[in-house]
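**Q** This is the structure I want to talk about, given as structure tokens.
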Amino acid sequence: MQTLAPDNPETLSFDTEVAAVDGRELLLHETYFYPEGGGQPADRGVIDDVDVVDVQKSPDGVVHTLAEAPDLEKGETVHCVVDATFRTYCKRAHTASHVLFGAGRRVLDDVGYAGFDIGEETVRVDFTADTEITDARMVEMERLANRAVWDSLPVSWEYQSPETAREREEVAFNTKTEEGAMADADEVRIVTVEGWDVAACGGTHVSNTQEIGPIHVLNRSNPGEGATRVEFAVGPKAIDGAAELHDAAREAATDLDVAPPDIPGAVDRLTSERDELREEVADLKSELLSYRLDDLDPVERDGGRWLVGAVEGATPNDLQGELEQYVGEEIDGVAVAGTSGETFVVVATDGDSDANAVVQDVTDEFGGGGGGSPTFAQ
């Protein structure tokens, strides 16, 4: 016996006969519990006041796993109750995925289903598309999805032969779930969000998009295989997520002394100012470093003239270009020790002396490690 849940999503209480019992596992003559599949989790509930902890498909029918072995025999009548709260969440979340996919069809090119999963608080849809799903496109998909909810679009389902369903270009197949599961089926269940989306789907759905409530896109990621994963929420998680985003935008707007819609422009201005300041700081740092290097006193070493000393506030990267400018006709090499942060020594030469050999002499004497080329080492 297959589940009657997809076509009767409002049926949450029913009486039926036990078809088989095996420990904690129960087969029923008929069931309105939804078994895990197609990205939708199993229904919760009770059978004769014993908790149903799992519902799965099997070759023999729908297997209901109870929290404890029931005192039941084949043929006995049992009273079953599906958890209304969880069923409602799954219906809303599943239909929301169709609505979001419909939005994706309007924003992306050559879009396809590559996966779907309803979690405890969030839902994910994996898209394949020729168009990159940027932040801007993701926000537009959220906007369009919520407009579809607001428009109160009817949701319906029907059955067609697989051949007929695949001939309809507007029918979306989830390549990770529905299409493979229906490959050998006699009929395909087609779910239609009127004027918005059509997809092959065996899950439970609401009868009108207004029942979904707010849809809030949370994040996107790359699950591999050329897909983009979009994570979203419905219900309280969506409301809280939107409120947190609104609060963050308001706080940022206050700090920037602008209205929330003007945040991007303010950030662009600050970024430009930051980049200009970084360039100024780099120029001033280079100038200060040059002054400090100019103050070093030359010393004689192995018949050559060297600048040797310590410099504050510089890194080896800062020093490389500066030191090379000092090596020339009058100066054969420069050896500078850094005094800010980690201890280091940087050496630049004209090539007649080996900078790497100097560094090796220093590390042999004082410890540490390093190296480089004959003209620059650290």
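Residue numbering restarts at 1 for every chain of the structure tokens, chains are lettered A, B, ... in their displayed order, and ligands are numbered from 1 as they appear.
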Quick one: contact table of segment 2-44 of chain A to segment 62-65 of chain A, 8 Å max, nearest atom pair and distance in Å to one decimal per residue, counting only C-alpha atoms, chain and number order, as JSON lines?

**A**
```
{"residue": "A:Gln2", "atom": "CA", "partner": "A:Val62", "partner_atom": "CA", "distance": 6.1}
{"residue": "A:Thr3", "atom": "CA", "partner": "A:Val62", "partner_atom": "CA", "distance": 6.7}
{"residue": "A:Arg24", "atom": "CA", "partner": "A:Thr65", "partner_atom": "CA", "distance": 5.5}
{"residue": "A:Glu25", "atom": "CA", "partner": "A:Thr65", "partner_atom": "CA", "distance": 4.5}
{"residue": "A:Leu26", "atom": "CA", "partner": "A:His64", "partner_atom": "CA", "distance": 5.0}
{"residue": "A:Leu27", "atom": "CA", "partner": "A:Val63", "partner_atom": "CA", "distance": 5.4}
{"residue": "A:Leu28", "atom": "CA", "partner": "A:Val62", "partner_atom": "CA", "distance": 7.6}
{"residue": "A:Thr31", "atom": "CA", "partner": "A:Val62", "partner_atom": "CA", "distance": 7.8}
{"residue": "A:Pro35", "atom": "CA", "partner": "A:Val62", "partner_atom": "CA", "distance": 6.8}
```

**Q** Enumerate the residues of segment 130-297 of chain A with a DSSP assignment of strand (DSSP E or B), computed from the backbone, and present them as a PDB file with N, CA, C and O atoms, in the first residue's frame.

**A**
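Final file, result_27.pdb:
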```pdb
ATOM      1  N   PRO A 154      -3.329  29.390  -7.019  1.00  0.00           N
ATOM      2  CA  PRO A 154      -3.796  28.031  -6.721  1.00  0.00           C
ATOM      3  C   PRO A 154      -2.713  26.992  -7.005  1.00  0.00           C
ATOM      4  O   PRO A 154      -1.933  27.138  -7.959  1.00  0.00           O
ATOM      5  N   VAL A 155      -2.677  25.957  -6.187  1.00  0.00           N
ATOM      6  CA  VAL A 155      -1.740  24.844  -6.365  1.00  0.00           C
ATOM      7  C   VAL A 155      -2.564  23.573  -6.552  1.00  0.00           C
ATOM      8  O   VAL A 155      -3.455  23.283  -5.758  1.00  0.00           O
ATOM      9  N   SER A 156      -2.267  22.829  -7.608  1.00  0.00           N
ATOM     10  CA  SER A 156      -3.033  21.615  -7.898  1.00  0.00           C
ATOM     11  C   SER A 156      -2.095  20.517  -8.376  1.00  0.00           C
ATOM     12  O   SER A 156      -0.914  20.761  -8.659  1.00  0.00           O
ATOM     13  N   TRP A 157      -2.617  19.282  -8.452  1.00  0.00           N
ATOM     14  CA  TRP A 157      -1.802  18.157  -8.931  1.00  0.00           C
ATOM     15  C   TRP A 157      -2.676  17.197  -9.731  1.00  0.00           C
ATOM     16  O   TRP A 157      -3.880  17.105  -9.546  1.00  0.00           O
ATOM     17  N   GLU A 158      -2.014  16.513 -10.643  1.00  0.00           N
ATOM     18  CA  GLU A 158      -2.681  15.541 -11.505  1.00  0.00           C
ATOM     19  C   GLU A 158      -1.667  14.470 -11.896  1.00  0.00           C
ATOM     20  O   GLU A 158      -0.462  14.617 -11.627  1.00  0.00           O
ATOM     21  N   TYR A 159      -2.153  13.409 -12.538  1.00  0.00           N
ATOM     22  CA  TYR A 159      -1.269  12.329 -12.950  1.00  0.00           C
ATOM     23  C   TYR A 159      -1.275  12.208 -14.466  1.00  0.00           C
ATOM     24  O   TYR A 159      -2.318  12.333 -15.113  1.00  0.00           O
ATOM     25  N   GLN A 160      -0.089  11.972 -15.021  1.00  0.00           N
ATOM     26  CA  GLN A 160       0.059  11.788 -16.459  1.00  0.00           C
ATOM     27  C   GLN A 160       1.028  10.638 -16.710  1.00  0.00           C
ATOM     28  O   GLN A 160       1.789  10.246 -15.825  1.00  0.00           O
ATOM     29  N   VAL A 171       7.513  21.277 -17.721  1.00  0.00           N
ATOM     30  CA  VAL A 171       7.575  20.433 -16.533  1.00  0.00           C
ATOM     31  C   VAL A 171       9.025  20.274 -16.079  1.00  0.00           C
ATOM     32  O   VAL A 171       9.875  19.813 -16.841  1.00  0.00           O
ATOM     33  N   ALA A 172       9.284  20.646 -14.844  1.00  0.00           N
ATOM     34  CA  ALA A 172      10.625  20.495 -14.277  1.00  0.00           C
ATOM     35  C   ALA A 172      10.735  19.142 -13.591  1.00  0.00           C
ATOM     36  O   ALA A 172       9.828  18.725 -12.874  1.00  0.00           O
ATOM     37  N   ASN A 174      13.252  16.983 -10.996  1.00  0.00           N
ATOM     38  CA  ASN A 174      14.390  16.991 -10.097  1.00  0.00           C
ATOM     39  C   ASN A 174      15.249  15.778 -10.454  1.00  0.00           C
ATOM     40  O   ASN A 174      14.883  14.643 -10.180  1.00  0.00           O
ATOM     41  N   VAL A 188       3.102   9.787 -13.710  1.00  0.00           N
ATOM     42  CA  VAL A 188       3.907  10.814 -13.059  1.00  0.00           C
ATOM     43  C   VAL A 188       2.963  11.840 -12.439  1.00  0.00           C
ATOM     44  O   VAL A 188       2.001  12.276 -13.077  1.00  0.00           O
ATOM     45  N   ARG A 189       3.241  12.205 -11.228  1.00  0.00           N
ATOM     46  CA  ARG A 189       2.425  13.216 -10.547  1.00  0.00           C
ATOM     47  C   ARG A 189       2.972  14.595 -10.888  1.00  0.00           C
ATOM     48  O   ARG A 189       4.147  14.897 -10.627  1.00  0.00           O
ATOM     49  N   ILE A 190       2.136  15.437 -11.431  1.00  0.00           N
ATOM     50  CA  ILE A 190       2.526  16.782 -11.850  1.00  0.00           C
ATOM     51  C   ILE A 190       1.875  17.798 -10.929  1.00  0.00           C
ATOM     52  O   ILE A 190       0.652  17.837 -10.785  1.00  0.00           O
ATOM     53  N   VAL A 191       2.707  18.624 -10.289  1.00  0.00           N
ATOM     54  CA  VAL A 191       2.221  19.674  -9.389  1.00  0.00           C
ATOM     55  C   VAL A 191       2.331  21.012 -10.119  1.00  0.00           C
ATOM     56  O   VAL A 191       3.393  21.359 -10.639  1.00  0.00           O
ATOM     57  N   THR A 192       1.213  21.745 -10.131  1.00  0.00           N
ATOM     58  CA  THR A 192       1.164  23.012 -10.859  1.00  0.00           C
ATOM     59  C   THR A 192       0.851  24.164  -9.909  1.00  0.00           C
ATOM     60  O   THR A 192      -0.143  24.133  -9.174  1.00  0.00           O
ATOM     61  N   VAL A 193       1.734  25.157  -9.895  1.00  0.00           N
ATOM     62  CA  VAL A 193       1.441  26.438  -9.256  1.00  0.00           C
ATOM     63  C   VAL A 193       0.953  27.339 -10.385  1.00  0.00           C
ATOM     64  O   VAL A 193       1.733  27.716 -11.263  1.00  0.00           O
ATOM     65  N   ASP A 197       4.687  27.759 -11.997  1.00  0.00           N
ATOM     66  CA  ASP A 197       5.645  26.650 -12.081  1.00  0.00           C
ATOM     67  C   ASP A 197       4.905  25.326 -12.250  1.00  0.00           C
ATOM     68  O   ASP A 197       3.804  25.143 -11.728  1.00  0.00           O
ATOM     69  N   VAL A 198       5.530  24.411 -12.969  1.00  0.00           N
ATOM     70  CA  VAL A 198       5.001  23.063 -13.165  1.00  0.00           C
ATOM     71  C   VAL A 198       6.156  22.090 -12.945  1.00  0.00           C
ATOM     72  O   VAL A 198       7.223  22.253 -13.546  1.00  0.00           O
ATOM     73  N   ALA A 199       5.953  21.086 -12.087  1.00  0.00           N
ATOM     74  CA  ALA A 199       7.052  20.164 -11.788  1.00  0.00           C
ATOM     75  C   ALA A 199       6.529  18.779 -11.447  1.00  0.00           C
ATOM     76  O   ALA A 199       5.426  18.626 -10.919  1.00  0.00           O
ATOM     77  N   ALA A 200       7.334  17.768 -11.767  1.00  0.00           N
ATOM     78  CA  ALA A 200       7.041  16.397 -11.350  1.00  0.00           C
ATOM     79  C   ALA A 200       7.420  16.274  -9.886  1.00  0.00           C
ATOM     80  O   ALA A 200       8.562  16.533  -9.506  1.00  0.00           O
ATOM     81  N   ASN A 208      -2.841  26.653  -1.924  1.00  0.00           N
ATOM     82  CA  ASN A 208      -2.718  28.016  -2.424  1.00  0.00           C
ATOM     83  C   ASN A 208      -1.435  28.618  -1.879  1.00  0.00           C
ATOM     84  O   ASN A 208      -1.086  28.390  -0.704  1.00  0.00           O
ATOM     85  N   ILE A 215       8.887  33.946   2.498  1.00  0.00           N
ATOM     86  CA  ILE A 215      10.051  33.159   2.079  1.00  0.00           C
ATOM     87  C   ILE A 215      11.277  34.054   2.205  1.00  0.00           C
ATOM     88  O   ILE A 215      11.295  35.168   1.686  1.00  0.00           O
ATOM     89  N   HIS A 216      12.291  33.571   2.904  1.00  0.00           N
ATOM     90  CA  HIS A 216      13.501  34.373   3.105  1.00  0.00           C
ATOM     91  C   HIS A 216      14.727  33.564   2.696  1.00  0.00           C
ATOM     92  O   HIS A 216      15.003  32.501   3.266  1.00  0.00           O
ATOM     93  N   VAL A 217      15.444  34.038   1.686  1.00  0.00           N
ATOM     94  CA  VAL A 217      16.661  33.369   1.224  1.00  0.00           C
ATOM     95  C   VAL A 217      17.796  33.695   2.178  1.00  0.00           C
ATOM     96  O   VAL A 217      18.041  34.857   2.504  1.00  0.00           O
ATOM     97  N   LEU A 218      18.495  32.661   2.646  1.00  0.00           N
ATOM     98  CA  LEU A 218      19.522  32.823   3.659  1.00  0.00           C
ATOM     99  C   LEU A 218      20.928  32.844   3.095  1.00  0.00           C
ATOM    100  O   LEU A 218      21.766  33.643   3.514  1.00  0.00           O
ATOM    101  N   ASN A 219      21.191  31.952   2.137  1.00  0.00           N
ATOM    102  CA  ASN A 219      22.587  31.803   1.697  1.00  0.00           C
ATOM    103  C   ASN A 219      22.631  31.026   0.403  1.00  0.00           C
ATOM    104  O   ASN A 219      21.638  30.421  -0.026  1.00  0.00           O
ATOM    105  N   ARG A 220      23.793  31.042  -0.225  1.00  0.00           N
ATOM    106  CA  ARG A 220      24.032  30.186  -1.383  1.00  0.00           C
ATOM    107  C   ARG A 220      25.418  29.572  -1.239  1.00  0.00           C
ATOM    108  O   ARG A 220      26.303  30.132  -0.602  1.00  0.00           O
ATOM    109  N   SER A 221      25.607  28.395  -1.837  1.00  0.00           N
ATOM    110  CA  SER A 221      26.886  27.703  -1.739  1.00  0.00           C
ATOM    111  C   SER A 221      27.061  26.832  -2.971  1.00  0.00           C
ATOM    112  O   SER A 221      26.175  26.731  -3.819  1.00  0.00           O
ATOM    113  N   ASN A 222      28.213  26.174  -3.040  1.00  0.00           N
ATOM    114  CA  ASN A 222      28.534  25.325  -4.183  1.00  0.00           C
ATOM    115  C   ASN A 222      28.652  23.875  -3.725  1.00  0.00           C
ATOM    116  O   ASN A 222      29.653  23.497  -3.109  1.00  0.00           O
ATOM    117  N   PRO A 223      27.634  23.036  -3.999  1.00  0.00           N
ATOM    118  CA  PRO A 223      27.702  21.632  -3.582  1.00  0.00           C
ATOM    119  C   PRO A 223      28.465  20.754  -4.565  1.00  0.00           C
ATOM    120  O   PRO A 223      28.592  19.551  -4.361  1.00  0.00           O
ATOM    121  N   GLY A 224      28.961  21.343  -5.663  1.00  0.00           N
ATOM    122  CA  GLY A 224      29.661  20.579  -6.685  1.00  0.00           C
ATOM    123  C   GLY A 224      28.752  20.180  -7.832  1.00  0.00           C
ATOM    124  O   GLY A 224      27.564  20.523  -7.858  1.00  0.00           O
ATOM    125  N   ALA A 227      26.362  22.758  -9.736  1.00  0.00           N
ATOM    126  CA  ALA A 227      25.117  23.261  -9.169  1.00  0.00           C
ATOM    127  C   ALA A 227      25.391  24.403  -8.188  1.00  0.00           C
ATOM    128  O   ALA A 227      26.502  24.558  -7.674  1.00  0.00           O
ATOM    129  N   THR A 228      24.363  25.198  -7.942  1.00  0.00           N
ATOM    130  CA  THR A 228      24.398  26.230  -6.912  1.00  0.00           C
ATOM    131  C   THR A 228      23.286  25.929  -5.911  1.00  0.00           C
ATOM    132  O   THR A 228      22.129  25.769  -6.296  1.00  0.00           O
ATOM    133  N   ARG A 229      23.649  25.844  -4.649  1.00  0.00           N
ATOM    134  CA  ARG A 229      22.684  25.530  -3.595  1.00  0.00           C
ATOM    135  C   ARG A 229      22.167  26.824  -2.975  1.00  0.00           C
ATOM    136  O   ARG A 229      22.940  27.652  -2.492  1.00  0.00           O
ATOM    137  N   VAL A 230      20.850  26.992  -2.997  1.00  0.00           N
ATOM    138  CA  VAL A 230      20.212  28.141  -2.376  1.00  0.00           C
ATOM    139  C   VAL A 230      19.457  27.662  -1.144  1.00  0.00           C
ATOM    140  O   VAL A 230      18.596  26.783  -1.232  1.00  0.00           O
ATOM    141  N   GLU A 231      19.803  28.215   0.014  1.00  0.00           N
ATOM    142  CA  GLU A 231      19.164  27.845   1.269  1.00  0.00           C
ATOM    143  C   GLU A 231      18.168  28.930   1.648  1.00  0.00           C
ATOM    144  O   GLU A 231      18.486  30.120   1.598  1.00  0.00           O
ATOM    145  N   PHE A 232      16.960  28.522   2.016  1.00  0.00           N
ATOM    146  CA  PHE A 232      15.954  29.505   2.384  1.00  0.00           C
ATOM    147  C   PHE A 232      15.130  28.981   3.552  1.00  0.00           C
ATOM    148  O   PHE A 232      15.279  27.833   3.985  1.00  0.00           O
ATOM    149  N   ALA A 233      14.269  29.844   4.065  1.00  0.00           N
ATOM    150  CA  ALA A 233      13.419  29.474   5.193  1.00  0.00           C
ATOM    151  C   ALA A 233      12.004  29.959   4.958  1.00  0.00           C
ATOM    152  O   ALA A 233      11.776  30.916   4.211  1.00  0.00           O
ATOM    153  N   VAL A 234      11.059  29.270   5.584  1.00  0.00           N
ATOM    154  CA  VAL A 234       9.668  29.711   5.615  1.00  0.00           C
ATOM    155  C   VAL A 234       9.241  29.754   7.086  1.00  0.00           C
ATOM    156  O   VAL A 234       9.882  29.159   7.945  1.00  0.00           O
TER     157      VAL A 234
END
```

**Q** Near segment 323-327 of chain A, within 10 Å and counting only C-alpha atoms, which residues show up once chain neighbours fewer than 2 positions away are dropped, as a list in words?

**A**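 In the requested format, the answer is Leu289, Ser290, Leu293, Asp294, Arg305, Trp306, Leu307, Asp318, Leu319, Gln320, Gly321, Glu329, Glu330, Ile331, Asp332, Gly333, Val334, Ala335, Val336, Val346, Val347, Ala348, Thr349, Asp350, Gly351, Thr375 and Phe376 of chain A.
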
**Q** Mind giving me the straight-line distance from atom CA of Leu284 of chain A to atom CA of Glu322 of chain A in Å, one decimal?

**A**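 These two atoms are separated by 13.0 Å.
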
**Q** If we count only C-alpha atoms, what is near segment 140-152 of chain A at a cut-off of 10 Å, once residues fewer than 3 positions away on the same chain are taken out, given as a short mmCIF file (atom, residue, chain, number, x, y, z; two decimals) with N, CA and C atoms, in the first residue's frame?

**A**
```
data_model
loop_
_atom_site.label_atom_id
_atom_site.label_comp_id
_atom_site.auth_asym_id
_atom_site.auth_seq_id
_atom_site.Cartn_x
_atom_site.Cartn_y
_atom_site.Cartn_z
N ALA A 96 7.01 26.00 -1.27
CA ALA A 96 7.91 27.16 -1.41
C ALA A 96 9.07 26.85 -2.34
N SER A 97 9.54 25.60 -2.33
CA SER A 97 10.64 25.25 -3.24
C SER A 97 10.21 25.35 -4.69
N HIS A 98 8.95 25.00 -4.98
CA HIS A 98 8.42 25.14 -6.34
C HIS A 98 8.33 26.62 -6.71
N VAL A 99 7.87 27.42 -5.77
CA VAL A 99 7.73 28.86 -6.02
C VAL A 99 9.09 29.50 -6.26
N LEU A 100 10.10 29.11 -5.45
CA LEU A 100 11.44 29.65 -5.64
C LEU A 100 12.03 29.19 -6.96
N PHE A 101 11.76 27.94 -7.34
CA PHE A 101 12.26 27.45 -8.62
C PHE A 101 11.61 28.22 -9.76
N GLY A 102 10.31 28.52 -9.61
CA GLY A 102 9.63 29.33 -10.62
C GLY A 102 10.26 30.71 -10.73
N ALA A 103 10.67 31.27 -9.60
CA ALA A 103 11.38 32.55 -9.63
C ALA A 103 12.72 32.42 -10.35
N GLY A 104 13.40 31.29 -10.08
CA GLY A 104 14.68 31.05 -10.75
C GLY A 104 14.51 30.96 -12.26
N ARG A 105 13.41 30.40 -12.71
CA ARG A 105 13.15 30.30 -14.15
C ARG A 105 13.01 31.69 -14.79
N ARG A 106 12.60 32.67 -13.99
CA ARG A 106 12.41 34.02 -14.52
C ARG A 106 13.68 34.86 -14.43
N VAL A 107 14.66 34.41 -13.64
CA VAL A 107 15.87 35.19 -13.43
C VAL A 107 17.08 34.55 -14.12
N LEU A 108 17.08 33.22 -14.23
CA LEU A 108 18.25 32.48 -14.73
C LEU A 108 17.96 31.88 -16.10
N ILE A 133 24.36 32.54 -10.20
CA ILE A 133 23.44 33.03 -9.18
C ILE A 133 24.21 33.97 -8.26
N THR A 134 24.18 35.25 -8.59
CA THR A 134 24.85 36.28 -7.79
C THR A 134 23.95 36.68 -6.63
N ASP A 135 24.48 37.50 -5.73
CA ASP A 135 23.67 38.01 -4.62
C ASP A 135 22.47 38.77 -5.15
N ALA A 136 22.69 39.60 -6.16
CA ALA A 136 21.60 40.41 -6.72
C ALA A 136 20.51 39.51 -7.31
N ARG A 137 20.90 38.47 -8.02
CA ARG A 137 19.90 37.57 -8.62
C ARG A 137 19.19 36.76 -7.53
N VAL A 155 -2.68 25.96 -6.19
CA VAL A 155 -1.74 24.84 -6.37
C VAL A 155 -2.56 23.57 -6.55
N VAL A 193 1.73 25.16 -9.90
CA VAL A 193 1.44 26.44 -9.26
C VAL A 193 0.95 27.34 -10.39
N GLU A 194 -0.32 27.64 -10.38
CA GLU A 194 -0.98 28.25 -11.53
C GLU A 194 -0.25 29.50 -12.05
N GLY A 195 0.14 29.42 -13.32
CA GLY A 195 0.80 30.55 -13.95
C GLY A 195 2.22 30.80 -13.49
N TRP A 196 2.77 29.87 -12.71
CA TRP A 196 4.08 30.13 -12.12
C TRP A 196 5.08 28.99 -12.31
N SER A 207 -2.66 24.17 -0.89
CA SER A 207 -3.57 24.33 -2.03
C SER A 207 -3.51 25.72 -2.62
N ASN A 208 -2.84 26.65 -1.92
CA ASN A 208 -2.72 28.02 -2.42
C ASN A 208 -1.43 28.62 -1.88
N THR A 209 -0.74 29.38 -2.70
CA THR A 209 0.56 29.90 -2.28
C THR A 209 0.48 30.81 -1.06
N GLN A 210 -0.70 31.42 -0.81
CA GLN A 210 -0.81 32.30 0.34
C GLN A 210 -0.58 31.55 1.65
N GLU A 211 -0.76 30.23 1.64
CA GLU A 211 -0.55 29.43 2.85
C GLU A 211 0.92 29.28 3.20
N ILE A 212 1.80 29.57 2.25
CA ILE A 212 3.24 29.40 2.49
C ILE A 212 3.74 30.41 3.51
N GLY A 213 3.29 31.65 3.40
CA GLY A 213 3.82 32.71 4.24
C GLY A 213 5.13 33.24 3.66
N PRO A 214 5.87 34.02 4.43
CA PRO A 214 7.09 34.65 3.91
C PRO A 214 8.18 33.64 3.57
N ILE A 215 8.89 33.95 2.50
CA ILE A 215 10.05 33.16 2.08
C ILE A 215 11.28 34.05 2.20
N HIS A 216 12.29 33.57 2.90
CA HIS A 216 13.50 34.37 3.11
C HIS A 216 14.73 33.56 2.70
N VAL A 217 15.44 34.04 1.69
CA VAL A 217 16.66 33.37 1.22
C VAL A 217 17.80 33.69 2.18
N LEU A 218 18.49 32.66 2.65
CA LEU A 218 19.52 32.82 3.66
C LEU A 218 20.93 32.84 3.10
N PHE A 232 16.96 28.52 2.02
CA PHE A 232 15.95 29.51 2.38
C PHE A 232 15.13 28.98 3.55
#
```
